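Next comes structure.txt, a file with compact mmCIF, C-alpha atoms.
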```
# COMPACT_ATOMS: atom_id res chain seq x y z
CA ARG A 261 49.91 124.75 177.79
CA GLN A 262 49.00 128.40 177.35
CA GLY A 263 49.00 127.96 173.57
CA CYS A 264 46.68 125.00 173.89
CA VAL A 265 44.25 126.92 176.06
CA ARG A 266 44.38 129.89 173.69
CA HIS A 267 43.47 127.72 170.69
CA TRP A 268 40.99 125.50 172.51
CA GLY A 269 38.00 127.83 171.99
CA ARG A 270 38.33 127.69 168.20
CA VAL A 271 38.53 123.90 168.15
CA HIS A 272 35.74 123.50 170.72
CA ALA A 273 33.43 125.61 168.58
CA MET A 274 34.06 123.36 165.57
CA VAL A 275 33.48 120.06 167.35
CA THR A 276 31.27 119.76 170.40
CA ALA A 277 30.73 116.01 170.40
CA PRO A 278 32.48 114.06 173.15
CA ALA A 279 35.90 112.78 172.18
CA ALA A 280 35.78 109.17 171.02
CA GLY A 281 37.53 106.91 173.49
CA ALA A 282 38.31 109.74 175.87
CA SER A 283 38.19 108.71 179.47
CA THR A 284 39.17 110.40 182.68
CA SER A 285 40.57 107.09 183.98
CA THR A 286 43.35 106.94 181.38
CA THR A 287 46.43 109.11 181.50
CA PRO A 288 47.16 111.68 178.80
CA GLN A 289 50.14 109.56 177.76
CA GLN A 290 47.96 106.47 177.31
CA GLN A 291 45.43 108.48 175.31
CA LEU A 292 48.18 109.87 173.08
CA ARG A 293 49.60 106.39 172.48
CA THR A 294 46.10 105.12 171.55
CA ILE A 295 45.50 107.98 169.10
CA LEU A 296 48.96 107.53 167.58
CA GLY A 297 48.26 103.83 167.03
CA GLN A 298 44.99 104.66 165.32
CA LEU A 299 46.63 107.27 163.07
CA GLU A 300 49.53 104.97 162.22
CA ARG A 301 47.08 102.24 161.17
CA GLY A 302 45.23 104.74 158.96
CA GLU A 303 42.18 104.83 161.21
CA ARG A 304 40.27 108.00 162.08
CA THR A 305 41.41 109.92 159.01
CA SER A 306 38.44 109.24 156.76
CA GLY A 307 37.28 112.84 156.53
CA ALA A 308 37.74 116.39 157.72
CA VAL A 309 35.26 116.02 160.59
CA GLU A 310 37.08 112.97 161.96
CA VAL A 311 40.46 114.71 161.70
CA VAL A 312 39.01 117.69 163.60
CA ARG A 313 37.83 115.28 166.32
CA VAL A 314 41.30 113.77 166.55
CA CYS A 315 42.78 117.25 166.81
CA LYS A 316 40.26 118.09 169.55
CA GLU A 317 41.25 114.99 171.50
CA LEU A 318 44.93 115.87 171.15
CA LEU A 319 44.27 119.40 172.40
CA GLU A 320 42.33 118.00 175.37
CA ILE A 321 45.33 115.81 176.12
CA CYS A 322 47.67 118.79 176.15
CA VAL A 323 45.64 120.47 178.90
CA ARG A 324 46.25 117.42 181.11
CA TRP A 325 49.85 116.71 180.01
CA PRO A 326 52.05 116.32 183.11
CA GLU A 327 54.90 118.69 183.89
CA LYS A 328 57.24 115.71 184.08
CA GLY A 329 56.51 113.81 180.91
CA PRO A 330 57.02 110.09 180.38
CA GLU A 331 60.42 108.68 179.50
CA ASP A 332 59.29 108.16 175.92
CA GLU A 333 58.02 111.74 175.54
CA LYS A 334 60.52 112.51 172.76
CA ALA A 335 59.53 109.35 170.87
CA LEU A 336 55.84 110.26 171.23
CA GLY A 337 56.56 113.68 169.74
CA GLU A 338 58.41 112.13 166.82
CA ARG A 339 55.59 109.66 166.19
CA LEU A 340 53.02 112.44 166.20
CA MET A 341 55.17 114.61 163.93
CA ARG A 342 55.15 111.81 161.34
CA GLN A 343 51.33 112.07 161.31
CA PHE A 344 51.27 115.84 160.71
CA SER A 345 50.41 115.61 157.02
CA LYS A 346 46.93 114.48 158.11
CA PHE A 347 46.24 117.84 159.78
CA THR A 348 45.73 121.31 158.35
CA GLU A 349 48.42 123.93 158.88
CA SER A 350 46.39 125.70 161.58
CA GLN A 351 45.76 122.38 163.37
CA GLN A 352 49.49 121.67 163.23
CA GLN A 353 50.21 125.06 164.80
CA ASP A 354 47.65 124.44 167.54
CA LEU A 355 49.13 121.04 168.32
CA VAL A 356 52.72 122.27 168.40
CA SER A 357 51.81 125.18 170.66
CA GLY A 358 49.98 122.85 173.03
CA LEU A 359 51.99 119.65 173.28
CA ARG A 360 55.45 119.79 174.83
CA PRO A 361 56.65 116.61 173.05
CA LEU A 362 55.99 118.31 169.72
CA GLN A 363 57.64 121.53 170.80
CA GLU A 364 60.82 119.66 171.64
CA THR A 365 60.74 117.69 168.38
CA VAL A 366 60.31 120.89 166.33
CA ARG A 367 63.03 122.64 168.35
CA LEU A 368 65.49 119.81 167.71
CA LYS A 369 64.66 119.73 163.99
CA LEU A 370 65.30 123.47 163.73
CA VAL A 371 68.57 123.19 165.65
CA ASP A 372 69.75 120.42 163.31
CA ALA A 373 68.66 122.34 160.21
CA THR A 374 70.38 125.52 161.39
CA ALA A 375 73.60 123.64 162.09
CA ALA A 376 73.51 121.99 158.68
CA LEU A 377 72.87 125.31 156.91
CA ASN A 378 75.67 127.01 158.83
CA LYS A 379 78.01 124.16 157.90
CA TRP A 380 77.01 124.42 154.24
CA ILE A 381 77.63 128.18 154.25
CA SER A 382 81.00 127.91 155.98
CA GLU A 383 82.31 125.05 153.83
CA ALA A 384 81.34 126.36 150.43
CA ASP A 385 82.73 129.66 149.23
CA ASP A 386 81.15 131.37 146.22
CA SER A 387 83.34 129.64 143.65
CA ASP A 388 82.80 126.27 145.27
CA LYS A 389 78.98 126.28 145.14
CA ASP A 390 78.61 124.00 142.16
CA ARG A 391 75.63 121.81 141.26
CA SER A 392 76.28 119.20 143.97
CA SER A 393 76.59 121.89 146.60
CA SER A 394 73.37 123.50 145.37
CA GLN A 395 71.66 120.12 145.52
CA ARG A 396 72.79 119.75 149.15
CA LEU A 397 71.24 123.14 149.95
CA VAL A 398 67.95 122.03 148.38
CA GLU A 399 68.02 118.86 150.50
CA LEU A 400 68.65 120.89 153.66
CA LEU A 401 65.78 123.26 152.91
CA GLN A 402 63.42 120.37 152.13
CA GLY A 403 64.30 118.85 155.50
CA ILE A 404 63.03 121.94 157.24
```

Would you write the structure of this file as C-alpha cells?
Amino acid sequence: RQGCVRHWGRVHAMVTAPAAGASTSTTPQQQLRTILGQLERGERTSGAVEVVRVCKELLEICVRWPEKGPEDEKALGERLMRQFSKFTESQQQDLVSGLRPLQETVRLKLVDATAALNKWISEADDSDKDRSSSQRLVELLQGI
C-alpha cells in the first residue's frame, strides 16, 4: 500500500479523468475482476492513454484493497501478471508495489526460479554442463 501511495502522484498527474466504470459501491475485488475481464478480451488496450487509465484504476484499487484478501487473491494476481506485457516497465513496477496479489505472485515466481537455478548449479559440475544443460539454464533465465 505504501508503494501505491508513493507512485499515485505520478499517475494522477498523467490522467485526471475519472476512472471508467469506477464506483464506490463495488468492492476492489469486483473492480479488479472487471478490469481483468476487459484486458483478457483485448478491450481497453487501444492506445497509451487508455492503458494509463487502466493503470490508474488499478492503482486506485490498491489503495482500497482489504487486509484480508479474497480467497482467489492468488489467482487474481496470476491473471493480472499475464496482462503485464500491456503495461510499461514503470507501470508494472507501480502495480507490483501497490497490489498484494501481484507481490505474492512475483515472490513465488522468484522462489521457484531460485530453486531451479540452485538445482541446476548443484546437479551439473563444470564437465557436465553440455549443450542440453546450457539450454536448460537459458530456459530457467527466460522464465524469470

What are the centre and edge lengths in Å, to one decimal, of the axis-aligned box around all listed atoms of stretch 336-355 of chain A with 4 Å added on each side, as JSON?
```
{"center_x": 52.1, "center_y": 117.7, "center_z": 164.1, "size_x": 20.7, "size_y": 24.0, "size_z": 22.2}
```

Review point. Restricting the calculation to all atoms listed in the file, which member of A:Glu383, A:Glu364, A:Glu327, A:Glu317 is positioned closest to A:Leu296?
Key: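 Residue with the minimum atom-to-atom distance to A:Leu296: A:Glu317.
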
Point to revise | Spatial neighbours of A:Thr287, max dist 9 Å, all atoms listed in the file, sep filter under 5 positions, as a list in words | key: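 That gives Leu292, Ile321, Arg324 and Trp325 of chain A.
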
Just C-alpha atoms for this one: save the residues we selected as an mmCIF file, in the coordinates of the input.
```
data_model
loop_
_atom_site.group_PDB
_atom_site.id
_atom_site.type_symbol
_atom_site.label_atom_id
_atom_site.label_comp_id
_atom_site.auth_asym_id
_atom_site.auth_seq_id
_atom_site.Cartn_x
_atom_site.Cartn_y
_atom_site.Cartn_z
ATOM 1 C CA LEU A 292 48.180 109.870 173.080
ATOM 2 C CA ILE A 321 45.330 115.810 176.120
ATOM 3 C CA ARG A 324 46.250 117.420 181.110
ATOM 4 C CA TRP A 325 49.850 116.710 180.010
#
```

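Among A:Ser393, A:Leu400, A:Lys346, A:Ser357, the residue with the shortest atom-to-atom distance to A:Leu370, counting only C-alpha atoms, is A:Leu400.
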
Check your understanding: So which one's closest to A:Arg342, A:Gly297, A:Pro326, A:Pro288, A:Gly307? Using only C-alpha atoms, please.
Key ->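 Nearest candidate to A:Arg342 out of A:Gly297, A:Pro326, A:Pro288, A:Gly307: A:Gly297.
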
Point to revise | Separation of atom CA of A:Gln289 from atom CA of A:Ala308, in Å and rounded to one decimal | key: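 Atom-to-atom, atom CA of A:Gln289 and atom CA of A:Ala308 are spaced 24.5 Å apart.
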
**Study point:** Pick from A:Gln291, A:Ser394, A:Asn378, A:Gln402, whichever lies nearest to A:Glu320 using only C-alpha atoms
**Key:** A:Gln291

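Distances from A:Val314, A:Trp380, A:Glu333, A:Ala373 to A:Gln395 were compared using all atoms listed in the file, and the smallest one belongs to A:Trp380.
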
Review point. Using only C-alpha atoms, which of the listed residues (A:Arg396, A:Lys334, A:Arg304, A:Arg360) sits closest to A:Leu319?
Key: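 Answer, going by the shortest atom-to-atom distance: A:Arg360.
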
Write out as an mmCIF file with C-alpha atoms, keeping the file's coordinate frame each polymer residue whose atoms come within 12 Å of A:Val311, counting all atoms listed in the file; drop sequence neighbours fewer than 2 positions from it.
```cif
data_model
loop_
_atom_site.group_PDB
_atom_site.id
_atom_site.type_symbol
_atom_site.label_atom_id
_atom_site.label_comp_id
_atom_site.auth_asym_id
_atom_site.auth_seq_id
_atom_site.Cartn_x
_atom_site.Cartn_y
_atom_site.Cartn_z
ATOM 1 C CA VAL A 271 38.530 123.900 168.150
ATOM 2 C CA MET A 274 34.060 123.360 165.570
ATOM 3 C CA VAL A 275 33.480 120.060 167.350
ATOM 4 C CA ALA A 279 35.900 112.780 172.180
ATOM 5 C CA ALA A 280 35.780 109.170 171.020
ATOM 6 C CA ILE A 295 45.500 107.980 169.100
ATOM 7 C CA GLN A 298 44.990 104.660 165.320
ATOM 8 C CA LEU A 299 46.630 107.270 163.070
ATOM 9 C CA GLY A 302 45.230 104.740 158.960
ATOM 10 C CA GLU A 303 42.180 104.830 161.210
ATOM 11 C CA ARG A 304 40.270 108.000 162.080
ATOM 12 C CA THR A 305 41.410 109.920 159.010
ATOM 13 C CA SER A 306 38.440 109.240 156.760
ATOM 14 C CA GLY A 307 37.280 112.840 156.530
ATOM 15 C CA ALA A 308 37.740 116.390 157.720
ATOM 16 C CA VAL A 309 35.260 116.020 160.590
ATOM 17 C CA ARG A 313 37.830 115.280 166.320
ATOM 18 C CA VAL A 314 41.300 113.770 166.550
ATOM 19 C CA CYS A 315 42.780 117.250 166.810
ATOM 20 C CA LYS A 316 40.260 118.090 169.550
ATOM 21 C CA GLU A 317 41.250 114.990 171.500
ATOM 22 C CA LEU A 318 44.930 115.870 171.150
ATOM 23 C CA GLN A 343 51.330 112.070 161.310
ATOM 24 C CA PHE A 344 51.270 115.840 160.710
ATOM 25 C CA SER A 345 50.410 115.610 157.020
ATOM 26 C CA LYS A 346 46.930 114.480 158.110
ATOM 27 C CA PHE A 347 46.240 117.840 159.780
ATOM 28 C CA THR A 348 45.730 121.310 158.350
ATOM 29 C CA GLN A 351 45.760 122.380 163.370
ATOM 30 C CA GLN A 352 49.490 121.670 163.230
#
```

Review point. Separation of atom CA of A:Asp354 and atom CA of A:Leu336, in Å?
Key: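 According to the coordinates, atom CA of A:Asp354 and atom CA of A:Leu336 are separated by 16.8 Å.
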
Where atoms are absent from stretch 287-298 of chain A, fill them in so it carries all heavy atoms, then output it as a JSON list (two decimals), in the coordinates of the input.
```
[["chain", "number", "residue", "atom", "x", "y", "z"],
["A", 287, "THR", "N", 45.50, 107.98, 181.43],
["A", 287, "THR", "CA", 46.43, 109.11, 181.50],
["A", 287, "THR", "C", 46.53, 109.77, 180.13],
["A", 287, "THR", "O", 46.23, 109.14, 179.11],
["A", 287, "THR", "CB", 47.83, 108.64, 181.94],
["A", 287, "THR", "OG1", 48.39, 107.83, 180.89],
["A", 287, "THR", "CG2", 47.79, 107.89, 183.26],
["A", 288, "PRO", "N", 46.97, 111.02, 180.09],
["A", 288, "PRO", "CA", 47.16, 111.68, 178.80],
["A", 288, "PRO", "C", 48.14, 110.91, 177.91],
["A", 288, "PRO", "O", 47.95, 110.82, 176.69],
["A", 288, "PRO", "CB", 47.71, 113.05, 179.16],
["A", 288, "PRO", "CG", 47.39, 113.26, 180.60],
["A", 288, "PRO", "CD", 47.25, 111.90, 181.21],
["A", 289, "GLN", "N", 49.16, 110.32, 178.53],
["A", 289, "GLN", "CA", 50.14, 109.56, 177.76],
["A", 289, "GLN", "C", 49.49, 108.34, 177.11],
["A", 289, "GLN", "O", 49.77, 108.03, 175.95],
["A", 289, "GLN", "CB", 51.32, 109.12, 178.65],
["A", 289, "GLN", "CG", 52.05, 110.26, 179.31],
["A", 289, "GLN", "CD", 51.49, 110.63, 180.68],
["A", 289, "GLN", "OE1", 50.29, 110.65, 180.90],
["A", 289, "GLN", "NE2", 52.37, 110.95, 181.60],
["A", 290, "GLN", "N", 48.64, 107.64, 177.86],
["A", 290, "GLN", "CA", 47.96, 106.47, 177.31],
["A", 290, "GLN", "C", 47.03, 106.89, 176.17],
["A", 290, "GLN", "O", 46.96, 106.22, 175.14],
["A", 290, "GLN", "CB", 47.16, 105.76, 178.40],
["A", 290, "GLN", "CG", 48.01, 105.07, 179.44],
["A", 290, "GLN", "CD", 47.20, 104.62, 180.65],
["A", 290, "GLN", "OE1", 46.24, 105.29, 181.06],
["A", 290, "GLN", "NE2", 47.56, 103.48, 181.21],
["A", 291, "GLN", "N", 46.32, 107.99, 176.36],
["A", 291, "GLN", "CA", 45.43, 108.48, 175.31],
["A", 291, "GLN", "C", 46.22, 108.83, 174.06],
["A", 291, "GLN", "O", 45.80, 108.52, 172.95],
["A", 291, "GLN", "CB", 44.64, 109.70, 175.79],
["A", 291, "GLN", "CG", 43.54, 109.35, 176.77],
["A", 291, "GLN", "CD", 42.80, 110.59, 177.19],
["A", 291, "GLN", "OE1", 43.37, 111.50, 177.80],
["A", 291, "GLN", "NE2", 41.52, 110.63, 176.87],
["A", 292, "LEU", "N", 47.36, 109.50, 174.23],
["A", 292, "LEU", "CA", 48.18, 109.87, 173.08],
["A", 292, "LEU", "C", 48.68, 108.62, 172.36],
["A", 292, "LEU", "O", 48.63, 108.55, 171.13],
["A", 292, "LEU", "CB", 49.36, 110.75, 173.51],
["A", 292, "LEU", "CG", 50.31, 111.19, 172.38],
["A", 292, "LEU", "CD1", 49.56, 111.92, 171.28],
["A", 292, "LEU", "CD2", 51.43, 112.06, 172.95],
["A", 293, "ARG", "N", 49.13, 107.63, 173.11],
["A", 293, "ARG", "CA", 49.60, 106.39, 172.48],
["A", 293, "ARG", "C", 48.47, 105.71, 171.69],
["A", 293, "ARG", "O", 48.69, 105.19, 170.60],
["A", 293, "ARG", "CB", 50.16, 105.45, 173.53],
["A", 293, "ARG", "CG", 51.50, 105.89, 174.08],
["A", 293, "ARG", "CD", 52.07, 104.87, 175.07],
["A", 293, "ARG", "NE", 53.21, 105.45, 175.75],
["A", 293, "ARG", "CZ", 53.17, 105.98, 176.98],
["A", 293, "ARG", "NH1", 52.04, 105.99, 177.67],
["A", 293, "ARG", "NH2", 54.25, 106.51, 177.52],
["A", 294, "THR", "N", 47.26, 105.72, 172.24],
["A", 294, "THR", "CA", 46.10, 105.12, 171.55],
["A", 294, "THR", "C", 45.82, 105.86, 170.24],
["A", 294, "THR", "O", 45.65, 105.24, 169.19],
["A", 294, "THR", "CB", 44.86, 105.15, 172.46],
["A", 294, "THR", "OG1", 45.13, 104.38, 173.63],
["A", 294, "THR", "CG2", 43.63, 104.61, 171.75],
["A", 295, "ILE", "N", 45.77, 107.18, 170.30],
["A", 295, "ILE", "CA", 45.50, 107.98, 169.10],
["A", 295, "ILE", "C", 46.59, 107.78, 168.07],
["A", 295, "ILE", "O", 46.32, 107.62, 166.87],
["A", 295, "ILE", "CB", 45.33, 109.46, 169.46],
["A", 295, "ILE", "CG1", 44.05, 109.66, 170.27],
["A", 295, "ILE", "CG2", 45.32, 110.34, 168.20],
["A", 295, "ILE", "CD1", 43.89, 111.05, 170.86],
["A", 296, "LEU", "N", 47.85, 107.74, 168.52],
["A", 296, "LEU", "CA", 48.96, 107.53, 167.58],
["A", 296, "LEU", "C", 48.82, 106.18, 166.88],
["A", 296, "LEU", "O", 49.03, 106.07, 165.68],
["A", 296, "LEU", "CB", 50.30, 107.62, 168.30],
["A", 296, "LEU", "CG", 50.76, 109.03, 168.65],
["A", 296, "LEU", "CD1", 51.96, 108.99, 169.58],
["A", 296, "LEU", "CD2", 51.05, 109.82, 167.40],
["A", 297, "GLY", "N", 48.46, 105.15, 167.64],
["A", 297, "GLY", "CA", 48.26, 103.83, 167.03],
["A", 297, "GLY", "C", 47.17, 103.86, 165.97],
["A", 297, "GLY", "O", 47.32, 103.28, 164.89],
["A", 298, "GLN", "N", 46.09, 104.56, 166.28],
["A", 298, "GLN", "CA", 44.99, 104.66, 165.32],
["A", 298, "GLN", "C", 45.44, 105.40, 164.06],
["A", 298, "GLN", "O", 45.12, 104.98, 162.94],
["A", 298, "GLN", "CB", 43.80, 105.38, 165.96],
["A", 298, "GLN", "CG", 43.16, 104.58, 167.07],
["A", 298, "GLN", "CD", 42.19, 105.40, 167.91],
["A", 298, "GLN", "OE1", 42.24, 106.63, 167.93],
["A", 298, "GLN", "NE2", 41.30, 104.71, 168.61]]
```
